[in-house]
Amino acid sequence: MKRVHMLLGGMTGGEFDKPFNRGMYELVDLLAPQEVTVWTWGQWAEAANQIEHAYQDGDKLVLIGYSGGASRGTYLCNNLDPIKVDLLIGYDPSPAGQMRPLKTNVVKAVWYYNERPLMWWPGVGKLGGGYFTSQVPEGPPVLEMITIAQQHLCVQHNCKLHFKTVGLVNGL
């Protein structure tokens, strides 16, 4: 069974952020008929707990995150070890300084790296521009960076990225 989980972006990590993630809900619709479980980035530990309890051998596990959801996706993957994460996708991970190196339980990680996120938030700094790294440079995961240059809040509405994501998920 393919299990797809999404971690939303936002400033609070709570329910308040959901309306500011309309573009990611567009992606949920594009992924239909696959069921996508949606979490705020602040729920990453709760997501890990649910995934651990529902996971069965042979499941294909996909994690998608936007902004803070992409940075917390690195926490989620590491927390799930040794459960295999077949695909991790990050939409303009943020804040870059909160990213964690991925463990070898991640098979493939793709991120849309924003070289010009053009967004700054007081007390946080630049939003976007994060990237995935591996704890073991010679081993898994396979890391693929796709470079974009777009205002951070607009990345979630980028149809080209959504179609690339749908193709990656459907290809599992």
# chains A, B, ... in the order shown; residues from 1 in each chain; ligands from 1
call {"tool": "closest_atom_pairs", "arguments": {"of": "stretch 105-167 of chain A", "to": "stretch 27-41 of chain A", "cutoff": "10 Å", "atoms": "only C-alpha atoms", "output": "Markdown table"}}
result
| residue | atom | partner | partner_atom | distance |
| --- | --- | --- | --- | --- |
| A:Gln156 | CA | A:Leu27 | CA | 8.5 |
| A:His157 | CA | A:Leu27 | CA | 8.6 |
| A:Asn158 | CA | A:Leu27 | CA | 9.6 |
| A:Cys159 | CA | A:Leu27 | CA | 8.6 |
| A:Leu161 | CA | A:Leu27 | CA | 9.4 |
| A:His162 | CA | A:Leu27 | CA | 5.9 |
| A:Phe163 | CA | A:Leu30 | CA | 8.1 |
| A:Thr165 | CA | A:Leu27 | CA | 8.5 |
| A:Val166 | CA | A:Leu31 | CA | 6.1 |
| A:Gly167 | CA | A:Leu31 | CA | 9.4 |
call {"tool": "write_last_selection", "arguments": {"atoms": "C-alpha atoms", "output": "short mmCIF file (atom, residue, chain, number, x, y, z; two decimals), in the first residue's frame"}}
result
data_model
loop_
_atom_site.label_atom_id
_atom_site.label_comp_id
_atom_site.auth_asym_id
_atom_site.auth_seq_id
_atom_site.Cartn_x
_atom_site.Cartn_y
_atom_site.Cartn_z
CA GLN A 156 3.25 26.09 -3.14
CA HIS A 157 1.20 27.21 -6.18
CA ASN A 158 3.77 26.17 -8.82
CA CYS A 159 1.95 23.75 -11.13
CA LEU A 161 6.43 21.42 -9.34
CA HIS A 162 3.10 19.79 -8.53
CA PHE A 163 3.14 17.81 -11.80
CA THR A 165 5.69 15.64 -7.62
CA VAL A 166 2.68 13.69 -8.93
CA GLY A 167 4.96 11.91 -11.42
#
call {"tool": "select_by_dssp", "arguments": {"residues": "stretch 3-156 of chain A", "states": "strand (DSSP E or B)", "output": "ChimeraX atom specification"}}
result
/A:3-8,36-40,60-66,85,87-91,102,106,108-114,120-121,125-126,134,142-148
call {"tool": "write_last_selection", "arguments": {"atoms": "N, CA and C atoms", "output": "compact mmCIF listing (two decimals), in the first residue's frame"}}
result
# COMPACT_ATOMS: atom_id res chain seq x y z
N ARG A 3 1.45 4.96 1.11
CA ARG A 3 0.98 5.89 2.15
C ARG A 3 1.67 7.24 1.92
N VAL A 4 0.84 8.27 1.70
CA VAL A 4 1.36 9.61 1.41
C VAL A 4 0.98 10.52 2.57
N HIS A 5 1.98 11.21 3.10
CA HIS A 5 1.78 12.16 4.20
C HIS A 5 2.36 13.51 3.79
N MET A 6 1.67 14.59 4.16
CA MET A 6 2.11 15.93 3.84
C MET A 6 2.20 16.77 5.10
N LEU A 7 3.31 17.50 5.23
CA LEU A 7 3.51 18.45 6.31
C LEU A 7 3.42 19.86 5.72
N LEU A 8 2.45 20.64 6.20
CA LEU A 8 2.22 21.99 5.70
C LEU A 8 3.25 22.98 6.24
N VAL A 36 -4.13 11.22 0.94
CA VAL A 36 -3.01 11.96 1.51
C VAL A 36 -3.41 12.41 2.92
N THR A 37 -2.61 12.04 3.90
CA THR A 37 -2.83 12.51 5.26
C THR A 37 -2.07 13.81 5.43
N VAL A 38 -2.78 14.87 5.84
CA VAL A 38 -2.19 16.21 5.93
C VAL A 38 -1.98 16.57 7.40
N TRP A 39 -0.77 17.07 7.68
CA TRP A 39 -0.36 17.48 9.01
C TRP A 39 0.19 18.89 8.95
N THR A 40 0.14 19.62 10.05
CA THR A 40 0.88 20.87 10.15
C THR A 40 2.32 20.49 10.51
N LYS A 60 4.72 1.46 0.70
CA LYS A 60 5.53 2.51 0.10
C LYS A 60 5.19 3.79 0.85
N LEU A 61 6.17 4.42 1.45
CA LEU A 61 5.95 5.60 2.26
C LEU A 61 6.50 6.84 1.56
N VAL A 62 5.62 7.85 1.38
CA VAL A 62 5.97 9.11 0.74
C VAL A 62 5.69 10.24 1.73
N LEU A 63 6.67 11.13 1.89
CA LEU A 63 6.50 12.31 2.73
C LEU A 63 6.74 13.54 1.87
N ILE A 64 5.82 14.50 1.94
CA ILE A 64 5.93 15.74 1.18
C ILE A 64 5.82 16.88 2.19
N GLY A 65 6.70 17.87 2.08
CA GLY A 65 6.65 19.02 2.97
C GLY A 65 6.86 20.32 2.24
N TYR A 66 6.22 21.35 2.74
CA TYR A 66 6.41 22.70 2.20
C TYR A 66 6.93 23.60 3.31
N VAL A 85 11.61 5.14 4.19
CA VAL A 85 10.88 6.23 3.53
C VAL A 85 11.29 6.18 2.07
N LEU A 87 10.24 7.96 -0.52
CA LEU A 87 10.39 9.24 -1.20
C LEU A 87 10.08 10.38 -0.24
N LEU A 88 10.99 11.33 -0.16
CA LEU A 88 10.80 12.56 0.59
C LEU A 88 10.89 13.70 -0.42
N ILE A 89 9.87 14.57 -0.44
CA ILE A 89 9.86 15.71 -1.36
C ILE A 89 9.73 16.98 -0.53
N GLY A 90 10.61 17.94 -0.78
CA GLY A 90 10.59 19.20 -0.06
C GLY A 90 10.37 20.39 -0.98
N TYR A 91 9.33 21.15 -0.70
CA TYR A 91 9.04 22.39 -1.41
C TYR A 91 9.69 23.54 -0.64
N LEU A 102 19.74 13.54 6.64
CA LEU A 102 18.89 12.35 6.55
C LEU A 102 19.67 11.08 6.84
N VAL A 106 16.00 6.71 4.28
CA VAL A 106 15.38 7.44 3.17
C VAL A 106 16.00 6.93 1.87
N LYS A 108 15.05 7.99 -1.43
CA LYS A 108 15.25 9.10 -2.36
C LYS A 108 14.66 10.36 -1.75
N ALA A 109 15.40 11.47 -1.88
CA ALA A 109 14.93 12.77 -1.41
C ALA A 109 15.09 13.78 -2.54
N VAL A 110 14.00 14.43 -2.88
CA VAL A 110 13.97 15.45 -3.93
C VAL A 110 13.52 16.75 -3.28
N TRP A 111 14.23 17.83 -3.58
CA TRP A 111 13.76 19.11 -3.05
C TRP A 111 13.86 20.18 -4.11
N TYR A 112 12.90 21.09 -4.01
CA TYR A 112 12.84 22.24 -4.89
C TYR A 112 13.58 23.37 -4.16
N TYR A 113 14.85 23.53 -4.55
CA TYR A 113 15.73 24.49 -3.90
C TYR A 113 15.52 25.88 -4.48
N ASN A 114 15.14 26.80 -3.63
CA ASN A 114 14.84 28.15 -4.05
C ASN A 114 16.08 29.02 -3.88
N TRP A 120 11.67 37.43 4.05
CA TRP A 120 12.34 37.55 5.33
C TRP A 120 11.28 37.73 6.40
N TRP A 121 11.44 37.06 7.54
CA TRP A 121 10.47 37.14 8.63
C TRP A 121 11.20 37.55 9.90
N GLY A 125 14.40 35.22 10.09
CA GLY A 125 15.35 35.49 9.02
C GLY A 125 14.78 35.08 7.69
N LYS A 126 15.66 34.68 6.78
CA LYS A 126 15.26 34.31 5.42
C LYS A 126 14.46 33.01 5.45
N SER A 134 22.75 14.16 3.57
CA SER A 134 22.76 12.80 4.10
C SER A 134 23.81 12.67 5.19
N VAL A 142 19.37 8.77 -2.18
CA VAL A 142 19.66 9.46 -3.43
C VAL A 142 19.09 10.86 -3.28
N LEU A 143 19.94 11.87 -3.46
CA LEU A 143 19.51 13.26 -3.31
C LEU A 143 19.40 13.91 -4.68
N GLU A 144 18.27 14.58 -4.93
CA GLU A 144 18.06 15.28 -6.19
C GLU A 144 17.54 16.68 -5.91
N MET A 145 18.31 17.67 -6.34
CA MET A 145 17.92 19.06 -6.16
C MET A 145 17.41 19.62 -7.48
N ILE A 146 16.25 20.26 -7.43
CA ILE A 146 15.70 20.95 -8.59
C ILE A 146 15.67 22.43 -8.23
N THR A 147 16.42 23.24 -8.97
CA THR A 147 16.57 24.65 -8.64
C THR A 147 15.42 25.47 -9.21
N ILE A 148 14.88 26.35 -8.36
CA ILE A 148 13.84 27.28 -8.74
C ILE A 148 14.24 28.68 -8.25
call {"tool": "closest_residue", "arguments": {"among": "A:Val107, A:Ala96, A:Leu127, A:Ala70", "to": "A:Pro82", "atoms": "only C-alpha atoms"}}
result
A:Val107
call {"tool": "select_by_dssp", "arguments": {"residues": "stretch 28-171 of chain A", "states": "helix (DSSP H, G or I)", "output": "JSON, numbers by chain"}}
result
{"A": [28, 29, 30, 41, 42, 43, 44, 45, 46, 47, 48, 49, 50, 51, 52, 53, 54, 68, 69, 70, 71, 72, 73, 74, 75, 76, 77, 78, 79, 80, 96, 97, 98, 152, 153, 154, 155, 156, 157, 159, 160, 161, 162, 163, 164, 165, 166, 167, 168, 169, 170]}
call {"tool": "atom_distance", "arguments": {"atom1": "atom CA of A:Gly73", "atom2": "atom CA of A:Pro137"}}
result
19.1 Å
call {"tool": "closest_residue", "arguments": {"among": "A:Asn170, A:Asn105, A:Asn49, A:Gln135", "to": "A:Cys77", "atoms": "only C-alpha atoms"}}
result
A:Asn105
call {"tool": "closest_residue", "arguments": {"among": "A:Ile83, A:Val155, A:Met24, A:Met99", "to": "A:Phe132", "atoms": "only C-alpha atoms"}}
result
A:Met99
call {"tool": "residues_around", "arguments": {"residues": "stretch 44-48 of chain A", "least_positions_apart": "4", "cutoff": "7 Å", "atoms": "only C-alpha atoms", "output": "ChimeraX atom specification"}}
result
/A:52,72,76,79-80
call {"tool": "decode", "arguments": {"residues": "stretch 8-100 of chain A", "atoms": "C-alpha atoms", "output": "PDB file, in the first residue's frame"}}
result
ATOM      1  CA  LEU A   8       2.223  21.986   5.701  1.00  0.00           C
ATOM      2  CA  GLY A   9       4.197  25.201   6.020  1.00  0.00           C
ATOM      3  CA  GLY A  10       3.316  28.230   8.127  1.00  0.00           C
ATOM      4  CA  MET A  11       4.485  30.390  10.975  1.00  0.00           C
ATOM      5  CA  THR A  12       2.823  28.688  13.961  1.00  0.00           C
ATOM      6  CA  GLY A  13       2.869  24.977  13.124  1.00  0.00           C
ATOM      7  CA  GLY A  14      -0.790  24.807  14.145  1.00  0.00           C
ATOM      8  CA  GLU A  15      -4.322  24.961  12.754  1.00  0.00           C
ATOM      9  CA  PHE A  16      -3.955  28.709  12.102  1.00  0.00           C
ATOM     10  CA  ASP A  17      -1.560  27.922   9.228  1.00  0.00           C
ATOM     11  CA  LYS A  18      -3.890  25.678   7.208  1.00  0.00           C
ATOM     12  CA  PRO A  19      -5.604  28.478   5.206  1.00  0.00           C
ATOM     13  CA  PHE A  20      -2.172  29.747   4.110  1.00  0.00           C
ATOM     14  CA  ASN A  21      -1.373  26.424   2.394  1.00  0.00           C
ATOM     15  CA  ARG A  22      -3.957  26.487  -0.397  1.00  0.00           C
ATOM     16  CA  GLY A  23      -1.364  25.510  -2.976  1.00  0.00           C
ATOM     17  CA  MET A  24      -0.492  22.356  -1.083  1.00  0.00           C
ATOM     18  CA  TYR A  25      -4.161  21.417  -0.880  1.00  0.00           C
ATOM     19  CA  GLU A  26      -4.199  21.808  -4.691  1.00  0.00           C
ATOM     20  CA  LEU A  27      -1.451  19.168  -4.751  1.00  0.00           C
ATOM     21  CA  VAL A  28      -3.552  16.887  -2.516  1.00  0.00           C
ATOM     22  CA  ASP A  29      -6.321  17.104  -5.136  1.00  0.00           C
ATOM     23  CA  LEU A  30      -3.863  16.297  -7.944  1.00  0.00           C
ATOM     24  CA  LEU A  31      -2.644  13.202  -6.086  1.00  0.00           C
ATOM     25  CA  ALA A  32      -6.186  11.730  -6.009  1.00  0.00           C
ATOM     26  CA  PRO A  33      -7.314   8.975  -5.899  1.00  0.00           C
ATOM     27  CA  GLN A  34      -4.411   8.365  -3.498  1.00  0.00           C
ATOM     28  CA  GLU A  35      -5.296   9.311   0.038  1.00  0.00           C
ATOM     29  CA  VAL A  36      -3.006  11.960   1.512  1.00  0.00           C
ATOM     30  CA  THR A  37      -2.827  12.505   5.262  1.00  0.00           C
ATOM     31  CA  VAL A  38      -2.195  16.206   5.934  1.00  0.00           C
ATOM     32  CA  TRP A  39      -0.359  17.475   9.008  1.00  0.00           C
ATOM     33  CA  THR A  40       0.884  20.870  10.150  1.00  0.00           C
ATOM     34  CA  TRP A  41       4.654  21.049  10.593  1.00  0.00           C
ATOM     35  CA  GLY A  42       4.128  21.235  14.345  1.00  0.00           C
ATOM     36  CA  GLN A  43       2.540  17.769  14.255  1.00  0.00           C
ATOM     37  CA  TRP A  44       5.598  15.977  12.874  1.00  0.00           C
ATOM     38  CA  ALA A  45       6.070  13.858  16.034  1.00  0.00           C
ATOM     39  CA  GLU A  46       2.385  12.892  16.046  1.00  0.00           C
ATOM     40  CA  ALA A  47       2.711  11.962  12.364  1.00  0.00           C
ATOM     41  CA  ALA A  48       5.726   9.784  13.178  1.00  0.00           C
ATOM     42  CA  ASN A  49       3.755   7.979  15.862  1.00  0.00           C
ATOM     43  CA  GLN A  50       0.792   7.319  13.552  1.00  0.00           C
ATOM     44  CA  ILE A  51       3.022   6.184  10.685  1.00  0.00           C
ATOM     45  CA  GLU A  52       4.908   3.775  12.980  1.00  0.00           C
ATOM     46  CA  HIS A  53       1.645   2.218  14.180  1.00  0.00           C
ATOM     47  CA  ALA A  54       0.095   1.921  10.690  1.00  0.00           C
ATOM     48  CA  TYR A  55       3.217   0.844   8.774  1.00  0.00           C
ATOM     49  CA  GLN A  56       3.289  -2.683   7.372  1.00  0.00           C
ATOM     50  CA  ASP A  57       6.091  -4.450   5.507  1.00  0.00           C
ATOM     51  CA  GLY A  58       5.766  -3.733   1.824  1.00  0.00           C
ATOM     52  CA  ASP A  59       4.184  -0.284   2.275  1.00  0.00           C
ATOM     53  CA  LYS A  60       5.532   2.513   0.098  1.00  0.00           C
ATOM     54  CA  LEU A  61       5.953   5.602   2.261  1.00  0.00           C
ATOM     55  CA  VAL A  62       5.971   9.109   0.743  1.00  0.00           C
ATOM     56  CA  LEU A  63       6.497  12.312   2.732  1.00  0.00           C
ATOM     57  CA  ILE A  64       5.926  15.744   1.182  1.00  0.00           C
ATOM     58  CA  GLY A  65       6.648  19.017   2.974  1.00  0.00           C
ATOM     59  CA  TYR A  66       6.406  22.696   2.201  1.00  0.00           C
ATOM     60  CA  SER A  67       8.532  25.336   3.940  1.00  0.00           C
ATOM     61  CA  GLY A  68       8.637  24.436   7.662  1.00  0.00           C
ATOM     62  CA  GLY A  69       6.918  21.186   6.715  1.00  0.00           C
ATOM     63  CA  ALA A  70       9.916  20.285   4.557  1.00  0.00           C
ATOM     64  CA  SER A  71      12.403  21.048   7.331  1.00  0.00           C
ATOM     65  CA  ARG A  72      10.325  19.045   9.814  1.00  0.00           C
ATOM     66  CA  GLY A  73      10.158  16.301   7.203  1.00  0.00           C
ATOM     67  CA  THR A  74      13.842  15.715   7.954  1.00  0.00           C
ATOM     68  CA  TYR A  75      12.991  15.315  11.652  1.00  0.00           C
ATOM     69  CA  LEU A  76      10.129  12.949  10.778  1.00  0.00           C
ATOM     70  CA  CYS A  77      12.293  10.752   8.535  1.00  0.00           C
ATOM     71  CA  ASN A  78      15.015  10.490  11.160  1.00  0.00           C
ATOM     72  CA  ASN A  79      12.474   9.657  13.853  1.00  0.00           C
ATOM     73  CA  LEU A  80      11.028   6.859  11.696  1.00  0.00           C
ATOM     74  CA  ASP A  81      14.372   5.057  11.270  1.00  0.00           C
ATOM     75  CA  PRO A  82      14.543   2.089  10.575  1.00  0.00           C
ATOM     76  CA  ILE A  83      11.202   2.341   8.707  1.00  0.00           C
ATOM     77  CA  LYS A  84      11.979   2.895   5.040  1.00  0.00           C
ATOM     78  CA  VAL A  85      10.880   6.235   3.535  1.00  0.00           C
ATOM     79  CA  ASP A  86      10.691   5.588  -0.201  1.00  0.00           C
ATOM     80  CA  LEU A  87      10.388   9.238  -1.197  1.00  0.00           C
ATOM     81  CA  LEU A  88      10.801  12.564   0.588  1.00  0.00           C
ATOM     82  CA  ILE A  89       9.856  15.711  -1.358  1.00  0.00           C
ATOM     83  CA  GLY A  90      10.586  19.204  -0.056  1.00  0.00           C
ATOM     84  CA  TYR A  91       9.043  22.387  -1.412  1.00  0.00           C
ATOM     85  CA  ASP A  92      11.480  25.233  -0.586  1.00  0.00           C
ATOM     86  CA  PRO A  93      12.540  23.864   2.840  1.00  0.00           C
ATOM     87  CA  SER A  94      12.698  26.467   5.577  1.00  0.00           C
ATOM     88  CA  PRO A  95      14.321  27.714   7.720  1.00  0.00           C
ATOM     89  CA  ALA A  96      17.508  26.387   6.173  1.00  0.00           C
ATOM     90  CA  GLY A  97      19.286  26.310   9.536  1.00  0.00           C
ATOM     91  CA  GLN A  98      16.728  23.864  10.959  1.00  0.00           C
ATOM     92  CA  MET A  99      17.307  21.093   8.415  1.00  0.00           C
ATOM     93  CA  ARG A 100      18.661  17.756   9.695  1.00  0.00           C
TER      94      ARG A 100
END
